[in-house]
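Enquirer: So I've got this file, final-v8.cif, and it contains mmCIF, C-alpha atoms:
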data_work
loop_
_atom_site.label_atom_id
_atom_site.label_comp_id
_atom_site.auth_asym_id
_atom_site.auth_seq_id
_atom_site.Cartn_x
_atom_site.Cartn_y
_atom_site.Cartn_z
CA MET A 5 7.11 -18.52 -27.46
CA TYR A 6 7.47 -14.78 -28.04
CA THR A 7 3.94 -14.64 -29.49
CA LYS A 8 2.58 -16.54 -26.50
CA GLY A 9 4.26 -14.09 -24.14
CA LEU A 10 2.73 -11.09 -25.93
CA PHE A 11 -0.68 -12.73 -25.88
CA LEU A 12 -0.39 -13.41 -22.13
CA LEU A 13 0.67 -9.84 -21.44
CA ALA A 14 -2.15 -8.39 -23.55
CA SER A 15 -4.71 -10.63 -21.82
CA ILE A 16 -3.52 -9.68 -18.35
CA CYS A 17 -3.48 -5.98 -19.11
CA PHE A 18 -6.98 -6.14 -20.58
CA CYS A 19 -8.34 -8.05 -17.59
CA SER A 20 -6.64 -5.78 -15.09
CA LEU A 21 -7.88 -2.56 -16.61
CA ASN A 22 -11.31 -3.48 -17.94
CA ALA A 23 -12.76 -6.85 -17.19
CA PHE A 24 -12.42 -8.39 -13.75
CA ALA A 25 -13.71 -6.22 -10.91
CA GLN A 26 -11.47 -8.15 -8.53
CA SER A 27 -8.35 -6.86 -10.28
CA ASN A 28 -9.28 -3.37 -9.10
CA PHE A 29 -8.28 -3.04 -5.44
CA SER A 30 -10.89 -0.35 -4.84
CA GLU A 31 -13.60 -2.90 -5.79
CA SER A 32 -12.13 -5.84 -3.88
CA PHE A 33 -15.19 -7.10 -1.97
CA MET A 34 -18.98 -6.87 -2.09
CA HIS A 35 -20.28 -7.05 1.51
CA PHE A 36 -18.55 -3.82 2.54
CA PRO A 37 -20.00 -3.43 6.08
CA MET A 38 -17.97 -6.53 7.02
CA ASN A 39 -14.68 -5.42 5.43
CA ILE A 40 -14.70 -1.65 4.89
CA GLN A 41 -11.64 -1.42 7.18
CA LEU A 42 -9.59 -2.62 4.19
CA HIS A 43 -10.14 0.83 2.68
CA ALA A 44 -10.97 2.85 5.83
CA PRO A 45 -8.40 2.24 8.60
CA SER A 46 -10.53 4.24 11.07
CA HIS A 47 -13.28 1.60 10.84
CA VAL A 48 -11.69 -0.96 13.17
CA CYS A 49 -12.68 -1.95 16.72
CA LEU A 50 -15.73 0.33 16.73
CA ASP A 51 -17.51 -1.72 19.38
CA ASN A 52 -14.79 -4.07 20.59
CA ASP A 53 -11.18 -4.14 21.75
CA PHE A 54 -9.86 -6.83 19.44
CA GLN A 55 -11.06 -7.94 16.04
CA SER A 56 -9.75 -10.25 13.36
CA ASN A 57 -11.24 -10.56 9.89
CA PHE A 58 -10.99 -13.03 7.05
CA VAL A 59 -12.56 -12.45 3.61
CA TYR A 60 -12.56 -14.71 0.55
CA ARG A 61 -14.11 -13.91 -2.84
CA SER A 62 -14.15 -16.03 -5.97
CA TYR A 63 -16.21 -17.28 -8.91
CA PHE A 64 -18.05 -20.52 -9.48
CA GLY A 65 -16.97 -22.94 -12.19
CA ARG A 66 -13.97 -22.55 -14.45
CA TYR A 67 -13.26 -18.99 -13.26
CA SER A 68 -12.61 -20.15 -9.69
CA VAL A 69 -8.87 -19.69 -10.34
CA ILE A 70 -9.59 -15.94 -10.02
CA ARG A 71 -9.82 -15.30 -6.28
CA THR A 72 -9.17 -12.63 -3.67
CA TYR A 73 -8.64 -12.98 0.06
CA TYR A 74 -7.82 -10.73 2.99
CA ALA A 75 -6.94 -11.32 6.66
CA ASP A 76 -6.09 -8.95 9.48
CA ALA A 77 -5.85 -8.49 13.26
CA ASN A 78 -6.47 -5.27 15.19
CA VAL A 79 -6.09 -4.55 18.90
CA ASN A 80 -6.92 -1.65 21.21
CA LEU A 81 -3.74 -0.59 23.01
CA GLY A 82 -5.59 1.71 25.40
CA LYS A 83 -5.92 0.85 29.09
CA ASN A 84 -9.02 1.06 31.24
CA GLN A 85 -7.49 0.95 34.70
CA ASN A 86 -7.53 4.03 36.96
CA GLU A 87 -8.95 6.24 34.22
CA THR A 88 -12.05 8.39 33.90
CA GLU A 89 -15.06 7.17 31.95
CA VAL A 90 -14.19 9.41 29.01
CA ALA A 91 -10.61 8.17 28.91
CA VAL A 92 -11.82 4.59 29.02
CA ASN A 93 -13.72 5.16 25.76
CA LYS A 94 -10.68 6.60 24.00
CA LYS A 95 -9.01 3.94 21.87
CA HIS A 96 -5.66 3.59 20.13
CA ILE A 97 -5.85 0.78 17.59
CA LEU A 98 -2.91 -0.95 15.93
CA GLY A 99 -3.53 -3.43 13.14
CA VAL A 100 -1.77 -5.55 10.53
CA GLY A 101 -3.18 -7.31 7.48
CA ILE A 102 -2.42 -9.20 4.28
CA TYR A 103 -4.31 -8.92 0.99
CA ASN A 104 -3.90 -11.24 -1.99
CA ASP A 105 -5.55 -10.95 -5.41
CA ARG A 106 -4.77 -13.81 -7.78
CA GLU A 107 -5.85 -13.37 -11.39
CA GLY A 108 -5.37 -16.82 -12.80
CA GLU A 109 -2.23 -18.93 -12.62
CA TYR A 110 0.32 -16.28 -13.57
CA PHE A 111 -0.59 -12.87 -12.10
CA ASN A 112 -0.64 -12.18 -8.36
CA LYS A 113 -1.07 -8.92 -6.39
CA VAL A 114 -0.18 -8.73 -2.70
CA ARG A 115 -0.47 -5.96 -0.11
CA ALA A 116 1.01 -6.05 3.39
CA ILE A 117 -0.87 -3.56 5.57
CA LEU A 118 0.01 -1.66 8.73
CA ARG A 119 -2.68 0.60 10.23
CA TYR A 120 -3.29 2.90 13.17
CA ALA A 121 -6.58 4.40 14.35
CA VAL A 122 -7.68 6.60 17.24
CA HIS A 123 -11.26 6.79 18.57
CA ILE A 124 -12.36 9.88 20.50
CA PRO A 125 -15.70 10.25 22.35
CA LEU A 126 -17.63 13.39 21.36
CA LYS A 127 -20.46 12.78 23.78
CA GLU A 128 -22.33 9.81 25.20
CA ASN A 129 -22.70 7.13 22.50
CA LEU A 130 -21.15 9.29 19.78
CA PHE A 131 -17.56 8.82 18.64
CA LEU A 132 -15.19 10.16 16.00
CA ALA A 133 -12.37 7.97 14.67
CA GLY A 134 -9.43 8.76 12.42
CA GLY A 135 -7.02 6.30 10.86
CA VAL A 136 -4.04 5.93 8.54
CA ALA A 137 -2.58 2.88 6.83
CA LEU A 138 0.61 2.05 4.95
CA HIS A 139 0.42 -0.59 2.20
CA MET A 140 3.48 -2.35 0.81
CA ILE A 141 2.47 -3.61 -2.65
CA ASN A 142 3.90 -6.37 -4.82
CA TYR A 143 2.83 -7.26 -8.37
CA ASN A 144 4.21 -10.58 -9.50
CA PHE A 145 4.13 -12.40 -12.87
CA ASP A 146 5.26 -16.01 -12.89
CA ALA A 147 5.00 -17.32 -16.44
CA SER A 148 8.56 -18.29 -17.28
CA SER A 149 7.49 -20.59 -20.11
CA SER A 150 6.13 -17.58 -22.03
CA GLY A 151 9.00 -15.26 -21.18
CA ALA A 152 6.73 -12.87 -19.24
CA SER A 153 7.95 -13.04 -15.63
CA GLY A 154 8.88 -10.40 -13.13
CA SER A 155 8.13 -8.76 -9.80
CA SER A 156 7.88 -5.16 -8.62
CA PHE A 157 7.33 -3.44 -5.26
CA THR A 158 5.91 -0.07 -4.30
CA TRP A 159 3.98 1.53 -1.44
CA ALA A 160 0.70 3.37 -0.97
CA ALA A 161 -1.01 5.21 1.87
CA HIS A 162 -4.63 5.48 3.05
CA MET A 163 -6.39 7.85 5.45
CA SER A 164 -9.97 7.95 6.69
CA THR A 165 -12.42 9.22 9.27
CA THR A 166 -15.50 7.56 10.80
CA LEU A 167 -18.37 9.04 12.82
CA TYR A 168 -20.39 6.40 14.63
CA SER A 169 -22.92 5.60 17.33
CA PRO A 170 -24.90 2.46 18.24
CA THR A 171 -27.41 3.27 15.48
CA PHE A 172 -25.35 4.59 12.54
CA ARG A 173 -21.91 4.71 10.95
CA LEU A 174 -20.63 7.28 8.45
CA GLY A 175 -17.19 7.39 6.92
CA ALA A 176 -14.94 8.69 4.18
CA SER A 177 -11.51 7.62 3.02
CA LEU A 178 -8.85 8.73 0.56
CA ASN A 179 -6.95 5.70 -0.69
CA ASP A 180 -3.70 5.11 -2.59
CA PHE A 181 -3.41 8.90 -2.57
CA ASN A 182 0.21 8.88 -3.80
CA ASN A 183 -0.86 7.27 -7.13
CA PRO A 184 1.98 4.70 -7.20
CA THR A 185 3.07 2.64 -10.21
CA VAL A 186 4.53 -0.85 -10.44
CA THR A 187 6.42 -2.35 -13.39
CA PRO A 188 6.81 -6.11 -12.92
CA ILE A 189 7.39 -6.67 -16.66
CA SER A 190 7.55 -4.39 -19.70
CA TYR A 191 4.29 -2.71 -18.72
CA SER A 192 3.67 -0.17 -15.95
CA PHE A 193 0.50 -0.45 -13.87
CA LEU A 194 -0.85 2.80 -12.43
CA ILE A 195 -2.59 2.27 -9.08
CA ASN A 196 -5.26 4.94 -9.19
CA ARG A 197 -6.12 7.22 -6.29
CA TYR A 198 -9.74 6.73 -5.17
CA VAL A 199 -12.29 7.90 -2.59
CA ASN A 200 -14.70 5.76 -0.58
CA LEU A 201 -17.86 7.12 1.06
CA TYR A 202 -20.01 4.77 3.10
CA GLY A 203 -22.81 4.71 5.62
CA GLU A 204 -24.92 2.32 7.69
CA LYS A 205 -28.15 2.89 9.61
CA PHE A 206 -29.96 0.57 12.04
CA PHE A 207 -33.68 0.84 12.91
CA ASP A 208 -35.20 -1.16 15.76
CA LEU A 209 -38.53 -2.81 14.94
CA GLY A 210 -38.67 -4.66 18.25
CA PRO A 211 -36.48 -5.82 21.13
CA LYS A 212 -34.56 -8.24 18.89
CA THR A 213 -35.45 -7.19 15.35
CA GLN A 214 -33.79 -4.55 13.18
CA ILE A 215 -33.91 -3.08 9.71
CA ARG A 216 -30.45 -2.35 8.39
CA GLY A 217 -29.51 -0.24 5.40
CA ALA A 218 -26.08 0.52 3.97
CA ALA A 219 -24.58 2.31 0.99
CA ARG A 220 -21.13 2.75 -0.45
CA CYS A 221 -19.82 5.04 -3.17
CA ASN A 222 -16.45 4.26 -4.70
CA TRP A 223 -14.99 7.02 -6.85
CA ILE A 224 -11.79 6.71 -8.86
CA LEU A 225 -10.92 10.34 -9.45
CA GLY A 226 -11.46 11.39 -13.03
CA ILE A 227 -12.15 7.84 -14.26
CA SER A 228 -15.21 6.04 -12.86
CA SER A 229 -17.53 5.49 -9.92
CA SER A 230 -19.57 2.60 -8.55
CA TYR A 231 -22.25 2.15 -5.90
CA ILE A 232 -23.49 -0.63 -3.66
CA LEU A 233 -26.91 -0.37 -2.01
CA GLN A 234 -27.87 -2.91 0.64
CA GLY A 235 -30.95 -3.42 2.81
CA GLY A 236 -32.44 -6.16 4.96
CA PHE A 237 -33.54 -7.48 8.34
CA VAL A 238 -31.83 -8.87 11.43
CA LEU A 239 -33.96 -11.36 13.37
CA SER A 240 -33.42 -12.33 17.03
CA ASN A 241 -30.18 -10.29 16.93
CA THR A 242 -28.65 -13.35 15.28
CA VAL A 243 -29.73 -13.94 11.66
CA GLY A 244 -29.59 -11.29 8.96
CA VAL A 245 -30.98 -11.50 5.43
CA SER A 246 -30.24 -8.71 2.95
CA ALA A 247 -30.47 -7.93 -0.74
CA PHE A 248 -28.00 -5.68 -2.55
CA HIS A 249 -27.39 -4.08 -5.92
CA TYR A 250 -23.89 -3.44 -7.21
CA THR A 251 -23.94 -0.96 -10.11
CA ASP A 252 -22.48 -2.25 -13.40
CA ASN A 253 -21.93 -5.64 -11.76
CA GLY A 254 -25.20 -7.25 -10.69
CA SER A 255 -27.43 -8.03 -7.72
CA GLY A 256 -27.47 -10.62 -5.00
CA LEU A 257 -28.31 -11.83 -1.51
CA ILE A 258 -26.47 -11.86 1.82
CA LEU A 259 -26.89 -14.21 4.77
CA ASP A 260 -25.38 -12.99 8.06
CA LEU A 261 -24.96 -14.81 11.36
CA TYR A 262 -24.16 -12.52 14.32
CA LYS A 263 -22.72 -13.00 17.80
CA ILE A 264 -21.95 -16.68 17.61
CA LYS A 265 -20.28 -17.40 20.93
CA LEU A 266 -16.84 -18.98 20.95
CA TYR A 267 -15.70 -19.56 24.53
CA LYS A 268 -15.97 -16.06 26.06
CA ASN A 269 -15.73 -14.26 22.70
CA TYR A 270 -17.79 -13.96 19.53
CA PHE A 271 -17.65 -14.17 15.78
CA ASP A 272 -19.90 -13.12 12.88
CA PHE A 273 -20.16 -15.00 9.60
CA SER A 274 -21.61 -13.98 6.25
CA LEU A 275 -22.16 -15.53 2.83
CA THR A 276 -22.68 -13.21 -0.14
CA TYR A 277 -23.91 -14.39 -3.56
CA LEU A 278 -23.81 -12.19 -6.68
CA VAL A 279 -25.62 -12.83 -9.97
CA PRO A 280 -23.86 -10.72 -12.63
CA GLN A 281 -25.42 -8.53 -15.28
CA SER A 282 -25.42 -9.92 -18.81
CA ASN A 283 -22.91 -7.30 -20.02
CA VAL A 284 -20.31 -8.12 -17.32
CA TYR A 285 -17.29 -10.24 -18.24
CA PRO A 286 -16.96 -12.96 -17.20
CA VAL A 287 -20.67 -13.77 -16.89
CA ALA A 288 -20.20 -16.02 -13.87
CA ASN A 289 -21.79 -16.02 -10.44
CA GLN A 290 -19.59 -14.96 -7.55
CA TYR A 291 -19.53 -15.65 -3.83
CA GLU A 292 -17.86 -14.02 -0.85
CA LEU A 293 -17.22 -15.34 2.66
CA ASN A 294 -16.62 -13.06 5.66
CA LEU A 295 -15.53 -14.20 9.11
CA HIS A 296 -15.28 -11.57 11.85
CA TYR A 297 -13.89 -12.59 15.27
CA TYR A 298 -13.91 -10.10 18.13
CA ILE A 299 -13.34 -9.62 21.85
CA THR A 300 -15.37 -7.08 23.80
CA ARG A 301 -14.33 -5.39 27.02
CA GLU A 302 -16.38 -6.53 30.00
#
Output the file's structure in the form of structure tokens.

Expert:
Amino acid sequence: MYTKGLFLLASICFCSLNAFAQSNFSESFMHFPMNIQLHAPSHVCLDNDFQSNFVYRSYFGRYSVIRTYYADANVNLGKNQNETEVAVNKKHILGVGIYNDREGEYFNKVRAILRYAVHIPLKENLFLAGGVALHMINYNFDASSSGASGSSFTWAAHMSTTLYSPTFRLGASLNDFNNPTVTPISYSFLINRYVNLYGEKFFDLGPKTQIRGAARCNWILGISSSYILQGGFVLSNTVGVSAFHYTDNGSGLILDLYKIKLYKNYFDFSLTYLVPQSNVYPVANQYELNLHYYITRE
């Protein structure tokens, strides 16, 4: 039993530090324009007054036990009655979220998230947003049969800024900047500080057709960096098809459905499919689902 426990611990540590991209919070999801608010708290409610997001990522086949999901809700607390036009555009956003990363049957990572963002108009159709977030983190092992069980809590903080207009979005964030550690069993996990840089640009080809491009750089200070490049078309303002390349991970396709009406509100849906590089472990195709529900101010 003691040998089994050591083997389980060694396997988990190896997977967490080297193998599975999902075990690294900074690399949680692939289709970042739909979920960048997980890392950049300023990137919420850019063009709406309420938004809720759900993201699910996993593998196909026997690795489907490795999965990550995230859900949140964000609301604009600002009022638009008896205010000037500039004041109407100023937003104060409060949001909450839950993140869960399950690496197999025994190892689970959870974050409870509280965020605040403020959006300030610089001029017509140009806005600057700033945001902060507090993450309460729990790492939990539940493998009592092997003698490797335990749970540990810590906290981390994020801050970010976003500059945006109807045709582009630029942002930067500093995440987990306090470099916390958790020790659920006889091994301490360092949660590395990292920086995210991201951008999106929209080009109109016609009244209802766009070209969209996006890029994200994720930089773990002093350790590693990764990049995602994405480009595609949006047709009839409703259907988007994009290709992307994820450095050191693989390439894939994205299908987006925009502005699907639900009563008086809307939601967007996306399906992302990644084919891994041959040197990635595990060599298994991945998929990601994004659901984005939002309410706009009339």

Enquirer: At what distance in Å, to one decimal, does atom CA of Tyr231 of chain A lie from atom CA of Gln281 of chain A?

Expert: 14.6 Å

Enquirer: May I have the residues within 8 Å of segment 237-254 of chain A as a list in words, using all atoms listed in the file and disregarding those fewer than 6 positions away in the same chain?

Expert: Met34, Lys212, Thr213, Gln214, Ile215, Arg216, Ser230, Tyr231, Asp260, Leu261, Tyr262, Lys263, Ile264, Leu278, Val279, Pro280, Gln281 and Val284 of chain A

Enquirer: For the structure provided, state which residues fall under the PyMOL selection byres ((chain A and resi 107-117) around 9), and present them as a PDB file with C-alpha atoms, in the coordinates of the input.

Expert:
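Saved result, selection16.pdb, follows:
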ATOM      1  CA  ILE A  16      -3.520  -9.680 -18.350  1.00  0.00           C
ATOM      2  CA  CYS A  19      -8.340  -8.050 -17.590  1.00  0.00           C
ATOM      3  CA  SER A  20      -6.640  -5.780 -15.090  1.00  0.00           C
ATOM      4  CA  PHE A  24     -12.420  -8.390 -13.750  1.00  0.00           C
ATOM      5  CA  GLN A  26     -11.470  -8.150  -8.530  1.00  0.00           C
ATOM      6  CA  SER A  27      -8.350  -6.860 -10.280  1.00  0.00           C
ATOM      7  CA  LEU A  42      -9.590  -2.620   4.190  1.00  0.00           C
ATOM      8  CA  TYR A  67     -13.260 -18.990 -13.260  1.00  0.00           C
ATOM      9  CA  SER A  68     -12.610 -20.150  -9.690  1.00  0.00           C
ATOM     10  CA  VAL A  69      -8.870 -19.690 -10.340  1.00  0.00           C
ATOM     11  CA  ILE A  70      -9.590 -15.940 -10.020  1.00  0.00           C
ATOM     12  CA  ARG A  71      -9.820 -15.300  -6.280  1.00  0.00           C
ATOM     13  CA  THR A  72      -9.170 -12.630  -3.670  1.00  0.00           C
ATOM     14  CA  ASP A  76      -6.090  -8.950   9.480  1.00  0.00           C
ATOM     15  CA  GLY A  99      -3.530  -3.430  13.140  1.00  0.00           C
ATOM     16  CA  VAL A 100      -1.770  -5.550  10.530  1.00  0.00           C
ATOM     17  CA  GLY A 101      -3.180  -7.310   7.480  1.00  0.00           C
ATOM     18  CA  ILE A 102      -2.420  -9.200   4.280  1.00  0.00           C
ATOM     19  CA  TYR A 103      -4.310  -8.920   0.990  1.00  0.00           C
ATOM     20  CA  ASN A 104      -3.900 -11.240  -1.990  1.00  0.00           C
ATOM     21  CA  ASP A 105      -5.550 -10.950  -5.410  1.00  0.00           C
ATOM     22  CA  ARG A 106      -4.770 -13.810  -7.780  1.00  0.00           C
ATOM     23  CA  LEU A 118       0.010  -1.660   8.730  1.00  0.00           C
ATOM     24  CA  ARG A 119      -2.680   0.600  10.230  1.00  0.00           C
ATOM     25  CA  ALA A 137      -2.580   2.880   6.830  1.00  0.00           C
ATOM     26  CA  LEU A 138       0.610   2.050   4.950  1.00  0.00           C
ATOM     27  CA  HIS A 139       0.420  -0.590   2.200  1.00  0.00           C
ATOM     28  CA  MET A 140       3.480  -2.350   0.810  1.00  0.00           C
ATOM     29  CA  ILE A 141       2.470  -3.610  -2.650  1.00  0.00           C
ATOM     30  CA  ASN A 142       3.900  -6.370  -4.820  1.00  0.00           C
ATOM     31  CA  TYR A 143       2.830  -7.260  -8.370  1.00  0.00           C
ATOM     32  CA  ASN A 144       4.210 -10.580  -9.500  1.00  0.00           C
ATOM     33  CA  PHE A 145       4.130 -12.400 -12.870  1.00  0.00           C
ATOM     34  CA  ASP A 146       5.260 -16.010 -12.890  1.00  0.00           C
ATOM     35  CA  ALA A 147       5.000 -17.320 -16.440  1.00  0.00           C
ATOM     36  CA  SER A 153       7.950 -13.040 -15.630  1.00  0.00           C
ATOM     37  CA  TRP A 159       3.980   1.530  -1.440  1.00  0.00           C
TER      38      TRP A 159
END

Enquirer: Give the answer as one residue: which of A:Pro211, A:Gly154, A:Pro286, A:Gly134 has the shortest atom-to-atom distance to Pro45 of chain A, using all atoms listed in the file?

Expert: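 Going through A:Pro211, A:Gly154, A:Pro286, A:Gly134 one by one, the smallest distance to Pro45 of chain A is for A:Gly134.
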
Enquirer: Go through A:Ser228, A:Ser156, A:Gln41, A:Ser169 one by one, measure the shortest atom-to-atom distance of each to Asn196 of chain A using all atoms listed in the file, and give the residue with the smallest value.

Expert: A:Ser228

Enquirer: Can you work out the spacing between atom CA of Gly175 of chain A and atom CA of Glu292 of chain A in Å, to one decimal?

Expert: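 Between atom CA of Gly175 of chain A and atom CA of Glu292 of chain A the gap is 22.8 Å.
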
Enquirer: Atom CA of Tyr198 of chain A to atom CA of Tyr60 of chain A: how many Å, to one decimal?

Expert: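 If I compute the distance from atom CA of Tyr198 of chain A to atom CA of Tyr60 of chain A, I get 22.4 Å.
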
Enquirer: Expand the PyMOL selection byres ((chain A and resi 167) around 7) into the individual residues it matches in the shown file, reporting them as a list in words.

Expert: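 With the shown file as input, the PyMOL selection byres ((chain A and resi 167) around 7) matches Phe131, Leu132, Ala133, Thr165, Thr166, Tyr168, Arg173, Leu174 and Gly175 of chain A.
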
Enquirer: Applied to the shown file, which residues does the PyMOL selection byres ((chain A and resi 97) around 12) return, written as a PDB file with C-alpha atoms, in the frame of the given file?

Expert:
ATOM      1  CA  PRO A  45      -8.400   2.240   8.600  1.00  0.00           C
ATOM      2  CA  SER A  46     -10.530   4.240  11.070  1.00  0.00           C
ATOM      3  CA  HIS A  47     -13.280   1.600  10.840  1.00  0.00           C
ATOM      4  CA  VAL A  48     -11.690  -0.960  13.170  1.00  0.00           C
ATOM      5  CA  CYS A  49     -12.680  -1.950  16.720  1.00  0.00           C
ATOM      6  CA  LEU A  50     -15.730   0.330  16.730  1.00  0.00           C
ATOM      7  CA  ASN A  52     -14.790  -4.070  20.590  1.00  0.00           C
ATOM      8  CA  ASP A  53     -11.180  -4.140  21.750  1.00  0.00           C
ATOM      9  CA  PHE A  54      -9.860  -6.830  19.440  1.00  0.00           C
ATOM     10  CA  GLN A  55     -11.060  -7.940  16.040  1.00  0.00           C
ATOM     11  CA  ALA A  77      -5.850  -8.490  13.260  1.00  0.00           C
ATOM     12  CA  ASN A  78      -6.470  -5.270  15.190  1.00  0.00           C
ATOM     13  CA  VAL A  79      -6.090  -4.550  18.900  1.00  0.00           C
ATOM     14  CA  ASN A  80      -6.920  -1.650  21.210  1.00  0.00           C
ATOM     15  CA  LEU A  81      -3.740  -0.590  23.010  1.00  0.00           C
ATOM     16  CA  GLY A  82      -5.590   1.710  25.400  1.00  0.00           C
ATOM     17  CA  LYS A  83      -5.920   0.850  29.090  1.00  0.00           C
ATOM     18  CA  LYS A  94     -10.680   6.600  24.000  1.00  0.00           C
ATOM     19  CA  LYS A  95      -9.010   3.940  21.870  1.00  0.00           C
ATOM     20  CA  HIS A  96      -5.660   3.590  20.130  1.00  0.00           C
ATOM     21  CA  LEU A  98      -2.910  -0.950  15.930  1.00  0.00           C
ATOM     22  CA  GLY A  99      -3.530  -3.430  13.140  1.00  0.00           C
ATOM     23  CA  VAL A 100      -1.770  -5.550  10.530  1.00  0.00           C
ATOM     24  CA  LEU A 118       0.010  -1.660   8.730  1.00  0.00           C
ATOM     25  CA  ARG A 119      -2.680   0.600  10.230  1.00  0.00           C
ATOM     26  CA  TYR A 120      -3.290   2.900  13.170  1.00  0.00           C
ATOM     27  CA  ALA A 121      -6.580   4.400  14.350  1.00  0.00           C
ATOM     28  CA  VAL A 122      -7.680   6.600  17.240  1.00  0.00           C
ATOM     29  CA  HIS A 123     -11.260   6.790  18.570  1.00  0.00           C
ATOM     30  CA  ILE A 124     -12.360   9.880  20.500  1.00  0.00           C
ATOM     31  CA  ALA A 133     -12.370   7.970  14.670  1.00  0.00           C
ATOM     32  CA  GLY A 134      -9.430   8.760  12.420  1.00  0.00           C
ATOM     33  CA  GLY A 135      -7.020   6.300  10.860  1.00  0.00           C
ATOM     34  CA  VAL A 136      -4.040   5.930   8.540  1.00  0.00           C
ATOM     35  CA  ALA A 137      -2.580   2.880   6.830  1.00  0.00           C
TER      36      ALA A 137
END

Enquirer: From the options A:Ile232, A:Pro125, A:Ala288, A:Tyr270, which residue's atoms come nearest to Thr300 of chain A, counting only C-alpha atoms?

Expert: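 Smallest distance to Thr300 of chain A is found for A:Tyr270.
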
Enquirer: Show which residues sit within 6 Å of Ala218 of chain A, as a count of residues only. Count all atoms listed in the file, and ignore same-chain residues fewer than 6 positions away.

Expert: 3

Enquirer: Between A:Leu293, A:Leu201, A:Ala75, A:Met163, which is the closest to Arg220 of chain A once you count all atoms listed in the file?

Expert: A:Leu201

Enquirer: I'd like to know which of A:Phe181, A:Tyr73, A:Phe58, A:Tyr285 is closest to Asn200 of chain A, using only C-alpha atoms.

Expert: A:Phe181
